[in-house]
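Pasting entry.cif here (mmCIF, C-alpha atoms and all ligand atoms):
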data_entry
loop_
_atom_site.label_atom_id
_atom_site.label_comp_id
_atom_site.auth_asym_id
_atom_site.auth_seq_id
_atom_site.Cartn_x
_atom_site.Cartn_y
_atom_site.Cartn_z
CA MET A 161 70.15 126.74 164.69
CA TRP A 162 70.03 130.20 166.04
CA SER A 163 67.61 132.09 168.30
CA LEU A 164 66.35 135.62 168.24
CA ALA A 165 64.64 137.89 170.71
CA VAL A 166 60.96 138.50 170.45
CA VAL A 167 61.51 142.01 169.10
CA TRP A 168 62.63 140.45 165.87
CA ILE A 169 59.60 138.19 165.54
CA SER A 170 57.89 140.06 162.74
CA SER A 171 60.96 139.99 160.51
CA LEU A 172 61.67 136.32 161.43
CA LEU A 173 58.15 135.28 160.46
CA VAL A 174 58.94 136.45 156.95
CA SER A 175 62.23 134.56 157.02
CA ALA A 176 60.56 131.42 158.45
CA GLN A 177 58.02 131.45 155.63
CA ALA A 178 60.87 131.60 153.20
CA GLN A 179 62.71 128.65 154.79
CA GLY A 180 59.63 126.61 155.38
CA THR A 181 60.68 125.20 158.80
CA ALA A 182 60.25 127.15 162.04
CA SER A 183 59.08 126.78 165.68
CA PHE A 184 57.81 129.26 168.23
CA TRP A 185 57.52 129.05 172.05
CA LYS A 186 57.38 131.17 175.23
CA GLY A 187 59.06 130.75 178.69
CA ASN A 188 60.71 132.62 181.58
CA ASP A 189 64.31 133.81 181.47
CA ARG A 190 66.68 133.82 184.50
CA SER A 191 65.23 137.06 185.80
CA GLY A 192 61.68 135.68 185.66
CA ARG A 193 60.57 137.82 182.75
CA CYS A 194 58.48 136.28 180.12
CA GLN A 195 60.48 135.60 176.88
CA TYR A 196 59.14 134.66 173.51
CA SER A 197 61.53 132.62 171.28
CA PHE A 198 61.36 131.78 167.60
CA THR A 199 63.59 129.14 166.01
CA VAL A 200 64.23 128.69 162.31
CA ASP A 201 66.73 126.75 160.17
CA SER A 202 69.67 128.78 159.00
CA PRO A 203 69.98 129.04 155.20
CA LYS A 204 72.80 126.46 155.34
CA GLU A 205 71.11 124.07 157.75
CA ALA A 206 67.91 124.13 155.74
CA SER A 207 69.45 121.65 153.27
CA CYS A 208 70.34 119.13 156.03
CA PRO A 209 67.86 116.41 156.81
CA SER A 210 66.37 117.08 160.19
CA ALA A 211 65.47 114.41 162.74
CA GLY A 212 61.78 114.13 163.39
CA THR A 213 58.81 114.40 161.09
CA GLY A 214 59.50 117.42 158.84
CA PRO A 215 58.30 117.63 155.22
CA GLU A 216 61.78 116.43 154.02
CA MET A 217 61.34 113.21 155.93
CA GLU A 218 57.87 112.78 154.46
CA ALA A 219 59.23 113.33 150.98
CA LEU A 220 62.08 110.89 151.64
CA LYS A 221 59.67 108.27 152.90
CA SER A 222 57.53 108.76 149.88
CA ARG A 223 60.54 108.35 147.55
CA LEU A 224 61.67 105.24 149.43
CA GLY A 225 58.21 103.79 149.05
CA LEU A 226 58.32 104.40 145.30
CA LEU A 227 61.74 102.76 145.08
CA GLU A 228 60.50 99.72 146.95
CA VAL A 229 57.59 99.38 144.55
CA LEU A 230 60.01 99.67 141.61
CA VAL A 231 62.36 97.06 143.07
CA ALA A 232 59.42 94.77 143.73
CA ARG A 233 58.31 95.14 140.10
CA LEU A 234 61.81 94.44 138.76
CA ALA A 235 62.07 91.36 140.95
CA GLY A 236 58.89 90.00 139.49
CA GLY A 237 56.13 91.25 141.71
CA GLU A 238 57.46 90.39 145.16
CA ALA A 239 56.13 92.45 148.00
CA PRO A 240 58.22 95.47 149.03
CA GLY A 241 60.72 94.66 151.69
CA THR A 242 61.02 90.99 150.67
CA VAL A 243 62.75 91.49 147.33
CA ALA A 244 65.73 89.18 146.99
CA GLY A 245 69.00 90.82 145.93
CA ALA A 246 69.32 88.15 143.25
CA GLY A 247 66.11 89.31 141.58
CA LEU A 248 67.33 92.87 141.34
CA LYS A 249 70.67 91.67 140.04
CA GLU A 250 68.98 89.63 137.36
CA ALA A 251 66.82 92.59 136.30
CA TYR A 252 69.95 94.71 136.08
CA SER A 253 71.83 92.09 134.04
CA GLN A 254 68.89 91.83 131.67
CA ALA A 255 68.89 95.59 131.20
CA MET A 256 72.65 95.53 130.53
CA ARG A 257 72.26 92.71 128.01
CA GLU A 258 69.62 94.68 126.18
CA LYS A 259 71.86 97.71 126.22
CA THR A 260 74.75 95.70 124.70
CA GLN A 261 72.43 94.30 122.06
CA LEU A 262 71.19 97.75 121.15
CA GLN A 263 74.77 98.98 120.93
CA ARG A 264 75.65 96.16 118.55
CA GLU A 265 72.64 96.90 116.41
CA LYS A 266 73.64 100.56 116.37
CA ASP A 267 77.17 99.63 115.26
CA ARG A 268 75.81 97.36 112.54
CA LEU A 269 73.53 100.09 111.22
CA GLY A 270 76.41 102.54 111.36
CA GLN A 271 78.45 100.16 109.21
CA GLN A 272 75.61 99.92 106.68
CA VAL A 273 75.35 103.69 106.55
CA ASN A 274 79.08 103.90 105.79
CA GLU A 275 78.79 101.34 103.03
CA LEU A 276 75.83 103.15 101.52
CA GLN A 277 77.70 106.44 101.65
CA LEU A 278 80.61 104.86 99.80
CA ARG A 279 78.19 103.55 97.22
CA VAL A 280 76.56 106.94 96.81
CA THR A 281 80.00 108.52 96.30
CA GLU A 282 80.87 105.95 93.65
CA LEU A 283 77.57 106.51 91.86
CA GLN A 284 78.03 110.27 91.95
CA LYS A 285 81.47 109.89 90.39
CA GLU A 286 80.05 107.63 87.72
CA ALA A 287 77.26 110.15 87.02
CA GLU A 288 79.81 112.95 86.70
CA ARG A 289 81.89 110.85 84.38
CA LEU A 290 78.88 110.14 82.16
CA ARG A 291 77.85 113.81 82.13
CA SER A 292 81.33 114.94 81.14
CA ARG A 293 81.61 112.43 78.29
CA PRO A 294 81.61 114.25 74.98
CA CYS A 295 79.02 113.43 72.36
CA PRO A 296 80.38 111.17 69.61
CA GLN A 297 81.35 112.90 66.40
CA VAL A 298 81.55 109.80 64.23
CA PRO A 299 78.73 109.37 61.72
CA SER A 300 76.68 106.20 62.01
CA PRO A 301 77.16 103.85 59.04
CA SER A 302 73.41 103.14 59.12
CA VAL A 303 72.71 106.86 58.41
CA PRO A 304 75.06 107.89 55.59
CA GLN A 305 75.88 111.57 55.71
CA HIS A 306 75.04 112.33 52.08
CA ASP A 307 71.60 110.70 52.47
CA SER A 308 70.59 112.42 55.67
CA GLY A 309 71.84 115.81 54.61
CA LEU A 310 72.90 116.42 58.19
CA ARG A 311 76.34 117.12 59.47
CA PRO A 312 77.48 115.41 62.68
CA GLY A 313 76.54 117.40 65.72
CA THR A 314 73.60 119.28 64.15
CA ASP A 315 70.68 116.97 64.93
CA PRO A 316 70.00 115.77 68.48
CA SER A 317 68.19 112.63 67.34
CA TRP A 318 71.08 111.75 65.03
CA GLN A 319 73.51 112.18 67.90
CA TYR A 320 71.38 109.95 70.06
CA SER A 321 71.36 107.09 67.58
CA SER A 322 75.07 107.52 67.00
CA LEU A 323 75.71 107.29 70.73
CA GLY A 324 73.67 104.09 70.88
CA TYR A 325 75.72 102.63 68.07
CA GLN A 326 78.96 103.56 69.80
CA GLU A 327 77.91 101.85 72.99
CA LEU A 328 76.70 98.77 71.19
CA LYS A 329 79.94 98.60 69.27
CA ALA A 330 81.90 98.85 72.52
CA GLU A 331 79.92 96.01 74.01
CA VAL A 332 80.47 93.81 71.00
CA ALA A 333 84.16 94.60 71.08
CA GLU A 334 84.36 93.77 74.75
CA VAL A 335 82.40 90.55 74.57
CA PRO A 336 83.70 88.39 71.78
CA ALA A 337 81.57 85.31 71.30
CA SER A 338 83.27 81.99 71.82
CA SER A 339 84.42 81.40 68.28
CA PRO A 340 85.02 77.95 66.85
CA GLU A 341 88.49 79.09 65.69
CA ALA A 342 89.50 79.53 69.32
CA THR A 343 88.96 75.89 70.12
CA GLU A 344 89.23 74.05 66.79
CA ASP A 345 92.81 73.00 67.41
CA ASN A 346 92.16 72.68 71.07
CA THR A 347 90.01 69.59 71.48
CA GLY A 348 92.53 67.59 73.42
CA CYS A 349 92.70 67.31 77.14
CA GLY A 350 96.41 67.63 77.62
CA GLU A 351 98.57 69.93 79.66
CA LEU A 352 98.10 73.68 79.82
CA LEU A 353 100.31 75.24 77.17
CA SER A 354 99.38 78.91 77.37
CA VAL A 355 96.92 81.43 78.80
CA GLY A 356 95.71 84.28 76.58
CA GLU A 357 95.26 87.97 77.30
CA PRO A 358 92.60 88.84 79.87
CA VAL A 359 89.33 90.08 78.30
CA SER A 360 87.24 92.36 80.50
CA HIS A 361 83.48 91.85 80.32
CA ARG A 362 82.24 94.13 83.01
CA LYS A 363 83.57 96.41 85.69
CA ALA A 364 81.63 96.25 88.95
CA ASP A 365 79.98 99.60 89.63
CA ASN A 366 80.40 99.83 93.37
CA ILE A 367 82.63 98.88 96.28
CA GLY A 368 80.62 95.67 96.77
CA GLY A 369 82.15 94.33 93.56
CA ARG A 370 85.83 94.69 94.38
CA TYR A 371 86.02 90.93 94.51
CA GLY A 372 83.60 88.16 93.78
CA VAL A 373 82.95 85.06 91.72
CA TRP A 374 81.30 84.56 88.35
CA MET A 375 80.36 81.30 86.70
CA GLN A 376 78.69 79.53 83.82
CA ASP A 377 77.28 76.05 84.26
CA PRO A 378 79.06 73.66 81.84
CA GLU A 379 76.16 71.21 82.18
CA PRO A 380 73.10 73.36 82.85
CA VAL A 381 69.66 72.08 83.73
CA THR A 382 66.35 73.53 82.47
CA PRO A 383 65.24 76.32 82.65
CA TYR A 384 68.84 77.56 82.29
CA ASP A 385 71.28 77.05 79.44
CA THR A 386 75.05 77.29 78.93
CA GLY A 387 74.74 80.98 78.06
CA MET A 388 73.42 81.86 81.53
CA VAL A 389 75.99 83.73 83.59
CA TRP A 390 75.95 83.79 87.38
CA ARG A 391 77.63 86.23 89.67
CA ILE A 392 78.11 86.76 93.41
CA ASP A 393 79.69 89.94 94.80
CA THR A 394 81.46 88.63 97.88
CA VAL A 395 82.41 91.85 99.70
CA GLY A 396 80.58 91.93 103.04
CA SER A 397 79.89 89.63 105.93
CA ASP A 398 76.48 88.32 104.90
CA VAL A 399 76.75 87.42 101.23
CA ARG A 400 73.55 85.80 99.96
CA GLN A 401 72.66 87.33 96.61
CA LEU A 402 73.14 85.31 93.45
CA PHE A 403 72.61 87.28 90.24
CA GLY A 404 71.76 85.52 86.99
CA TYR A 405 72.25 87.06 83.51
CA GLU A 406 70.74 85.61 80.39
CA ASN A 407 74.05 85.83 78.53
CA MET A 408 77.42 87.58 78.49
CA GLU A 409 75.96 90.64 76.81
CA GLN A 410 73.44 91.13 79.60
CA LEU A 411 76.24 90.69 82.13
CA SER A 412 78.21 93.41 80.37
CA ARG A 413 75.19 95.67 80.39
CA GLY A 414 74.57 94.90 84.06
CA PHE A 415 71.00 93.66 83.61
CA PRO A 416 70.32 90.53 85.66
CA THR A 417 67.24 88.48 84.80
CA LYS A 418 67.31 86.51 88.02
CA VAL A 419 68.22 87.41 91.58
CA LEU A 420 68.20 84.60 94.11
CA LEU A 421 68.57 84.97 97.85
CA LEU A 422 70.58 82.07 99.23
CA PRO A 423 69.36 80.58 102.52
CA GLU A 424 72.90 80.35 103.94
CA ALA A 425 75.59 83.02 103.62
CA VAL A 426 78.47 82.43 101.20
CA GLU A 427 82.11 82.42 102.29
CA SER A 428 84.50 84.06 99.84
CA THR A 429 85.09 83.44 96.14
CA GLY A 430 85.30 79.64 95.83
CA ALA A 431 81.79 78.89 94.52
CA THR A 432 81.06 77.11 91.28
CA MET A 433 78.10 76.10 89.13
CA TYR A 434 77.59 72.52 87.90
CA ARG A 435 74.63 70.45 86.65
CA GLY A 436 71.98 72.92 87.73
CA SER A 437 73.39 73.54 91.20
CA LEU A 438 75.45 76.22 92.86
CA TYR A 439 78.17 74.75 95.06
CA TYR A 440 79.55 76.91 97.81
CA GLN A 441 81.12 76.99 101.25
CA ARG A 442 78.82 78.14 104.01
CA ARG A 443 80.16 81.15 105.88
CA ARG A 444 82.51 80.48 108.82
CA SER A 445 82.29 76.71 108.43
CA ARG A 446 83.69 73.75 106.51
CA THR A 447 80.16 72.95 105.38
CA LEU A 448 79.72 72.49 101.65
CA ILE A 449 76.33 73.39 100.24
CA ARG A 450 74.64 72.35 97.03
CA TYR A 451 71.92 74.82 96.14
CA ASP A 452 69.54 73.53 93.49
CA LEU A 453 68.64 76.30 91.04
CA ALA A 454 65.42 74.73 89.78
CA SER A 455 63.81 74.33 93.21
CA GLU A 456 65.69 77.31 94.65
CA SER A 457 66.55 75.37 97.79
CA VAL A 458 69.44 73.54 99.47
CA ALA A 459 69.66 70.04 97.99
CA ALA A 460 72.67 68.74 99.94
CA ARG A 461 75.04 69.82 102.67
CA ARG A 462 78.09 68.10 104.09
CA ASP A 463 81.16 69.00 106.13
CA LEU A 464 84.41 68.65 104.23
CA PRO A 465 86.41 66.43 106.62
CA HIS A 466 89.26 68.23 108.44
CA ALA A 467 89.23 71.17 106.02
CA GLY A 468 90.65 74.44 107.36
CA PHE A 469 88.26 77.39 107.06
CA HIS A 470 87.82 81.09 107.78
CA GLY A 471 91.44 82.12 107.40
CA GLN A 472 93.28 78.92 108.33
CA PHE A 473 94.54 78.03 104.86
CA PRO A 474 93.51 80.79 102.43
CA TYR A 475 95.20 81.70 99.16
CA SER A 476 97.86 84.37 99.48
CA TRP A 477 95.43 87.30 99.17
CA GLY A 478 93.47 86.07 102.19
CA GLY A 479 89.77 86.80 101.95
CA TYR A 480 88.84 83.52 103.67
CA THR A 481 89.56 81.63 100.45
CA ASP A 482 90.15 78.40 102.35
CA ILE A 483 87.78 76.20 100.37
CA ASP A 484 87.67 76.55 96.58
CA PHE A 485 85.39 74.53 94.30
CA ALA A 486 86.44 73.69 90.76
CA VAL A 487 84.86 72.00 87.75
CA ASP A 488 86.60 70.40 84.79
CA GLU A 489 86.02 67.75 82.14
CA GLU A 490 86.13 65.07 84.86
CA GLY A 491 83.64 66.52 87.32
CA LEU A 492 83.47 68.44 90.57
CA TRP A 493 86.51 69.14 92.75
CA VAL A 494 87.35 70.98 95.90
CA ILE A 495 90.72 72.58 96.70
CA TYR A 496 91.62 73.14 100.38
CA SER A 497 94.07 72.11 103.12
CA THR A 498 94.09 70.37 106.48
CA ASN A 499 96.23 70.31 109.62
CA LYS A 500 97.37 66.83 108.66
CA ALA A 501 98.59 68.13 105.30
CA LYS A 502 100.32 70.99 107.16
CA GLY A 503 98.90 73.61 104.86
CA ALA A 504 99.71 71.81 101.58
CA ILE A 505 96.95 71.86 98.99
CA VAL A 506 94.59 68.89 99.22
CA LEU A 507 92.52 68.15 96.12
CA SER A 508 89.37 66.04 96.48
CA GLN A 509 86.96 64.86 93.85
CA LEU A 510 83.36 65.11 95.04
CA ASP A 511 80.18 63.26 94.29
CA PRO A 512 78.19 66.16 92.81
CA HIS A 513 74.92 64.79 94.15
CA SER A 514 75.80 64.02 97.77
CA LEU A 515 78.99 66.09 98.19
CA GLU A 516 80.79 63.01 99.51
CA VAL A 517 84.54 62.89 98.93
CA LYS A 518 85.23 60.24 96.30
CA ARG A 519 89.01 60.48 96.35
CA SER A 520 91.69 62.82 97.68
CA TRP A 521 95.24 63.79 96.75
CA GLU A 522 97.74 65.62 98.91
CA THR A 523 100.09 67.85 96.92
CA ASN A 524 103.40 69.36 97.99
CA ILE A 525 102.61 73.03 97.43
CA ARG A 526 101.48 75.26 100.27
CA LYS A 527 98.08 76.79 99.72
CA THR A 528 98.95 80.11 101.37
CA THR A 529 101.87 80.69 98.98
CA VAL A 530 99.79 80.75 95.80
CA ALA A 531 97.26 83.26 94.47
CA ASN A 532 94.63 80.79 93.30
CA ALA A 533 94.14 77.36 91.75
CA PHE A 534 92.01 75.63 89.11
CA VAL A 535 91.65 72.17 87.59
CA ILE A 536 91.85 71.29 83.88
CA CYS A 537 91.55 67.70 82.66
CA GLY A 538 92.24 66.25 86.10
CA ARG A 539 95.31 68.45 86.64
CA LEU A 540 95.55 71.03 89.36
CA TYR A 541 97.30 74.31 88.49
CA THR A 542 98.29 77.19 90.74
CA VAL A 543 98.96 80.85 89.91
CA ALA A 544 101.97 82.46 91.62
CA SER A 545 100.79 86.02 92.32
CA TYR A 546 97.44 87.81 92.53
CA THR A 547 98.91 91.32 92.21
CA SER A 548 101.79 91.06 89.76
CA PRO A 549 100.66 92.18 86.27
CA ASN A 550 102.98 89.58 84.78
CA THR A 551 102.98 86.40 86.78
CA THR A 552 102.90 82.70 85.94
CA VAL A 553 100.97 79.51 86.37
CA ASN A 554 103.77 78.01 88.42
CA TYR A 555 102.82 74.49 89.44
CA SER A 556 100.82 71.49 88.26
CA PHE A 557 99.69 68.29 89.89
CA ASP A 558 98.43 65.37 87.83
CA THR A 559 95.83 63.21 89.59
CA THR A 560 96.36 60.30 87.20
CA ASN A 561 99.87 59.60 88.53
CA SER A 562 100.15 61.95 91.57
CA GLN A 563 103.09 63.68 89.91
CA SER A 564 103.71 67.34 90.52
CA LYS A 565 106.01 69.71 88.70
CA ALA A 566 107.05 73.34 88.59
CA ILE A 567 105.97 75.07 85.38
CA SER A 568 106.06 78.63 84.08
CA VAL A 569 103.12 79.58 81.90
CA PRO A 570 102.74 83.39 81.66
CA PHE A 571 99.58 84.79 83.27
CA LYS A 572 98.45 88.43 83.51
CA ASN A 573 96.73 90.18 86.39
CA ARG A 574 95.93 93.31 84.41
CA HIS A 575 94.09 95.00 87.28
CA ARG A 576 96.45 93.77 89.97
CA TYR A 577 94.06 92.20 92.46
CA ASN A 578 92.90 88.82 91.27
CA SER A 579 90.53 87.28 93.79
CA MET A 580 89.16 84.30 91.86
CA ILE A 581 90.34 82.08 88.99
CA ASP A 582 88.37 79.08 87.73
CA TYR A 583 88.26 76.96 84.62
CA ASN A 584 85.15 76.47 82.49
CA PRO A 585 85.43 73.24 80.48
CA VAL A 586 82.74 74.17 77.93
CA GLN A 587 84.03 77.66 77.16
CA ARG A 588 87.61 76.38 77.51
CA LYS A 589 88.44 79.56 79.32
CA LEU A 590 89.63 80.69 82.68
CA PHE A 591 87.15 82.95 84.47
CA ALA A 592 88.58 85.48 86.91
CA TRP A 593 87.64 88.50 89.02
CA ASP A 594 90.42 91.03 88.98
CA ASN A 595 89.88 94.19 91.04
CA TYR A 596 86.24 95.00 90.08
CA HIS A 597 86.77 93.48 86.63
CA ILE A 598 85.03 90.34 85.47
CA VAL A 599 87.54 88.84 83.04
CA SER A 600 88.20 85.69 81.05
CA TYR A 601 91.28 84.15 79.43
CA ASP A 602 91.47 81.73 76.55
CA VAL A 603 93.63 78.71 77.23
CA ARG A 604 95.54 76.41 74.91
CA LEU A 605 95.94 72.79 75.86
CA GLY A 606 98.25 70.11 74.52
CA LYS A 607 97.11 66.98 72.72
CA GLN A 608 95.33 64.35 74.74
CA GLN A 609 97.78 61.85 76.15
CA CA A 701 89.66 78.78 91.96
#
Take the structure from the file and write it as structure tokens.
Amino acid sequence: MWSLAVVWISSLLVSAQAQGTASFWKGNDRSGRCQYSFTVDSPKEASCPSAGTGPEMEALKSRLGLLEVLVARLAGGEAPGTVAGAGLKEAYSQAMREKTQLQREKDRLGQQVNELQLRVTELQKEAERLRSRPCPQVPSPSVPQHDSGLRPGTDPSWQYSSLGYQELKAEVAEVPASSPEATEDNTGCGELLSVGEPVSHRKADNIGGRYGVWMQDPEPVTPYDTGMVWRIDTVGSDVRQLFGYENMEQLSRGFPTKVLLLPEAVESTGATMYRGSLYYQRRRSRTLIRYDLASESVAARRDLPHAGFHGQFPYSWGGYTDIDFAVDEEGLWVIYSTNKAKGAIVLSQLDPHSLEVKRSWETNIRKTTVANAFVICGRLYTVASYTSPNTTVNYSFDTTNSQSKAISVPFKNRHRYNSMIDYNPVQRKLFAWDNYHIVSYDVRLGKQQ
């Protein structure tokens, strides 16, 4: 504070108005003369709270009152001044929990945006590729040149039909029907003698199809038949879509006729199709699920006893391939491992209706050292590498006598990232998913023993 003589009063009044706090009094000085004094906050002191009942104090009181009301509300309506600290703490924790939840949701949406951007990029590339493709210059056999009087490249409609023919021809070339010649000398159920060249049926058109599983039911149930092809793209953490294609040609063209949303998420690439049901491992669990296609609902579920899951005993490429279903001439199987087996492959035959284990065999090959496995005629086979373009089927285990042996049947991973290999006993082929490519291999078996 500072004081000024009365002669400065007029100028101080202006200053006091500016500061907003001032006082004025009169009294006698030592000499007995009357003295008028005026007191005002200095510019610096004006920001300090003053004792007493100034407007700052009133404002502070008012703010305190508001805060008390707020605290009372947060604590659940208690009267101001009686709010328990615990109530406020709880309100704060709740707010923090909501904040964390919102953050998670934001992260999840961010992830989806990234995935969609990747997909958009892929589609743009594909569109560019299609735009840059030259028009075919080969005359269509259905429109002989001397009859039409047109030279290739002169008539847009002619070019269009020729393009259609080219594409159709490519599809036919890529999707050879299962010919009787391929299996006529292959009716036995003996050992695996050889695996043919991989035939590519379809390349997945986006990042979601880098790996997955495709299947045909060897014993389908109405309304589906043996031609129906099923596919699950398994990239992602919440895999639920099952695509159905009327036949191999529709698969190649990428036109599904059925899309089912599974009630429980799928783990990895081990699913199979058998007797009108999809069999799969539920995500992050050892629970086996039988999903009935006709009723489009779960018909059975059961834990596979002691089975490792979610990265405990996967195949060598990882991908949570701990539990792998298989179908052969003898029924439904599941390939996995347990702590008791110390990571060695355990093969169990399942009751396809109830999913109960009927019988189990413990092999002497470690599951994590092989790329994949399948069962043909009651024999388990493993493939050595999922990346090597020239690898081998390197091991077999016969359930009839529990004998295992090292073998060396050449096997090709043409696209160098094989995430699924299964046998189809009706087609007598191996089905595989090799780095976006849906492929199949003919197999040759020995005579029945
Ligand atoms: Ca398999």
Taking (92.8, 72.8, 77.9) in the coordinates of the supplied file, I want to know which residues reach to within 8 Å of it, counting only C-alpha atoms; could you give the answer as a ChimeraX atom specification? /A:346-353,536-537,585,588,603-606
Please extract the residues at most 8 Å from ligand CA 701 (chain A), counting only C-alpha atoms and all ligand atoms, and provide them as number ranges by chain, using the chain letters and residue numbers of this document. A: 429-430, 484-486, 495, 532-534, 580-583
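Straight-line separation from CA of Arg539 in chain A to CA of Leu453 in chain A: 28.1 Å.
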Calculated over only C-alpha atoms, which of the candidates A:Gln472, A:Ser579, A:Asn584, A:Asn573 has the smallest distance to Lys527 in chain A?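 Closest residue, counting only C-alpha atoms: A:Gln472.
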Identify, on the basis of all atoms listed in the file, every residue whose closest approach to range 373-384 of chain A does not exceed 9 Å; exclude the query and any residue fewer than 3 positions from it along the same chain; express the result as a ChimeraX atom specification. /A:387-394,406,428-438,453-454,487-488,579-582,584-587,591-593,598
For a test of reading the model, state the distance in Å between CA of His597 in chain A and CA of Gly404 in chain A, rounded to one decimal. 17.0 Å
Would you mind telling me which residue in A:Leu492, A:Ala251, A:Ala504, A:Leu448 lies nearest to Arg519 in chain A when using only C-alpha atoms?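 Of all the options, A:Leu492 lies closest to Arg519 in chain A.
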